[in-house]
Amino acid sequence: MKKILMFVLIVSTLTFSIENENDYKKVYIMNVPRKVLYTKINTNEKQQEKLDKIFKKYREEAKSVENDIAKYENKKEKIDEIEEKRYKDIANVLTSDQMNAFNNYINEQKSNYENKNDKIIKFVSNLNLTYEQKAEVLRYQRKFEREVNKELKRGSGSKDFISKYNELRLERNSKIDTVLNETQKELLNKNIKVY
């Protein structure tokens, strides 16, 4: 009987740990500079106006999903639906050659983002953070992202934005340092490019 209870306790703890680990997943909305995109896919002014409206509409829908308190899988599903609807609307505006160029550009951007994200996830997992440390690091990271988004909405000039971004990044990094032990800090300093 004791063995069975111990087994149930271990399995339930393991299940909780796995679910808790999944809570760290977040749906990210990738922002692509429209001027660069429009140049890459060779759009005219009329197409750009239509695309601006489409991007604005679906960005607002995606933001509401991102801010929702739903589980990761539910958010991912909703974002996928929004992306599919947006894709159909974009296809109605672009020619087939432009659509191919659009797909190539977006896929390249997603790939670059995922590669960067994978490096960061791998690096953070190598730090062997406790759940408490992960929670604190994520809290500081979310605050950093909120502040960066505020700056983007303010529309400050590129020099102002870059200096504010660097200021916010240094602030985040110093707060994260307070959470880490000496071994983790040493490992972090060796890999500072990712940080």
# chains A, B, ... in the order shown; residues from 1 in each chain; ligands from 1
call {"tool": "residues_around", "arguments": {"residues": "A:Glu171", "least_positions_apart": "6", "cutoff": "12 Å", "atoms": "only C-alpha atoms", "output": "mmCIF file with N, CA and C atoms, in the first residue's frame"}}
result
data_model
loop_
_atom_site.group_PDB
_atom_site.id
_atom_site.type_symbol
_atom_site.label_atom_id
_atom_site.label_comp_id
_atom_site.auth_asym_id
_atom_site.auth_seq_id
_atom_site.Cartn_x
_atom_site.Cartn_y
_atom_site.Cartn_z
ATOM 1 N N TYR A 140 10.653 39.412 -15.137
ATOM 2 C CA TYR A 140 11.495 40.514 -15.602
ATOM 3 C C TYR A 140 11.462 40.628 -17.122
ATOM 4 N N GLN A 141 11.432 39.484 -17.807
ATOM 5 C CA GLN A 141 11.391 39.484 -19.263
ATOM 6 C C GLN A 141 10.064 40.075 -19.766
ATOM 7 N N LYS A 143 8.133 42.185 -18.199
ATOM 8 C CA LYS A 143 8.145 43.627 -17.930
ATOM 9 C C LYS A 143 8.972 44.339 -19.001
ATOM 10 N N PHE A 144 10.108 43.775 -19.340
ATOM 11 C CA PHE A 144 10.965 44.327 -20.389
ATOM 12 C C PHE A 144 10.192 44.417 -21.701
ATOM 13 N N GLU A 147 7.571 47.206 -21.639
ATOM 14 C CA GLU A 147 8.185 48.527 -21.754
ATOM 15 C C GLU A 147 8.665 48.797 -23.181
ATOM 16 N N LYS A 164 16.784 53.806 -25.425
ATOM 17 C CA LYS A 164 15.809 53.360 -24.422
ATOM 18 C C LYS A 164 15.794 51.840 -24.335
ATOM 19 N N TYR A 165 15.857 51.178 -25.485
ATOM 20 C CA TYR A 165 15.889 49.713 -25.523
ATOM 21 C C TYR A 165 17.106 49.202 -24.745
ATOM 22 N N ASP A 177 20.253 39.112 -12.849
ATOM 23 C CA ASP A 177 21.478 38.747 -12.116
ATOM 24 C C ASP A 177 21.210 38.528 -10.634
ATOM 25 N N THR A 178 20.258 39.271 -10.066
ATOM 26 C CA THR A 178 19.971 39.124 -8.633
ATOM 27 C C THR A 178 19.334 37.776 -8.312
#
call {"tool": "select_by_dssp", "arguments": {"residues": "stretch 55-109 of chain A", "states": "helix (DSSP H, G or I)", "output": "number ranges by chain"}}
result
A: 55-66, 72-91, 96-109
call {"tool": "write_last_selection", "arguments": {"atoms": "C-alpha atoms", "output": "short mmCIF file (atom, residue, chain, number, x, y, z; two decimals), in the first residue's frame"}}
result
data_model
loop_
_atom_site.label_atom_id
_atom_site.label_comp_id
_atom_site.auth_asym_id
_atom_site.auth_seq_id
_atom_site.Cartn_x
_atom_site.Cartn_y
_atom_site.Cartn_z
CA PHE A 55 -2.45 43.93 -40.92
CA LYS A 56 -4.06 46.35 -38.48
CA LYS A 57 -7.24 44.31 -38.22
CA TYR A 58 -5.49 41.01 -37.56
CA ARG A 59 -2.80 42.51 -35.32
CA GLU A 60 -5.56 43.75 -33.00
CA GLU A 61 -7.17 40.29 -32.98
CA ALA A 62 -3.81 38.65 -32.27
CA LYS A 63 -3.06 41.09 -29.44
CA SER A 64 -6.32 40.19 -27.73
CA VAL A 65 -5.36 36.51 -27.90
CA GLU A 66 -1.84 37.23 -26.66
CA TYR A 72 -0.80 27.98 -24.55
CA GLU A 73 -2.48 25.37 -26.79
CA ASN A 74 -5.71 27.39 -26.93
CA LYS A 75 -3.86 30.59 -27.75
CA LYS A 76 -1.80 28.84 -30.42
CA GLU A 77 -4.97 27.47 -32.01
CA LYS A 78 -6.61 30.92 -32.06
CA ILE A 79 -3.48 32.55 -33.50
CA ASP A 80 -3.35 29.88 -36.21
CA GLU A 81 -6.99 30.65 -37.13
CA ILE A 82 -6.25 34.39 -37.28
CA GLU A 83 -3.15 33.76 -39.38
CA GLU A 84 -5.16 31.63 -41.82
CA LYS A 85 -7.87 34.31 -42.24
CA ARG A 86 -5.23 37.01 -42.66
CA TYR A 87 -3.42 34.91 -45.25
CA LYS A 88 -6.61 34.54 -47.32
CA ASP A 89 -7.25 38.30 -47.17
CA ILE A 90 -3.66 39.03 -48.23
CA ALA A 91 -3.95 36.55 -51.11
CA SER A 96 0.68 35.12 -57.37
CA ASP A 97 4.32 36.28 -57.79
CA GLN A 98 3.90 38.74 -54.94
CA MET A 99 2.30 36.02 -52.83
CA ASN A 100 5.30 33.74 -53.43
CA ALA A 101 7.67 36.57 -52.46
CA PHE A 102 5.50 37.25 -49.37
CA ASN A 103 5.61 33.59 -48.30
CA ASN A 104 9.38 33.42 -48.79
CA TYR A 105 9.97 36.57 -46.77
CA ILE A 106 7.65 35.61 -43.91
CA ASN A 107 9.06 32.07 -43.72
CA GLU A 108 12.59 33.49 -43.62
CA GLN A 109 11.61 35.86 -40.79
#
call {"tool": "closest_residue", "arguments": {"among": "A:Glu182, A:Val93, A:Glu132, A:Ile176", "to": "A:Glu45", "atoms": "only C-alpha atoms"}}
result
A:Val93
call {"tool": "atom_distance", "arguments": {"atom1": "atom CA of A:Asn92", "atom2": "atom CA of A:Leu152"}}
result
29.4 Å
call {"tool": "closest_residue", "arguments": {"among": "A:Leu127, A:Leu94, A:Ile54, A:Val36", "to": "A:Leu180", "atoms": "only C-alpha atoms"}}
result
A:Leu127
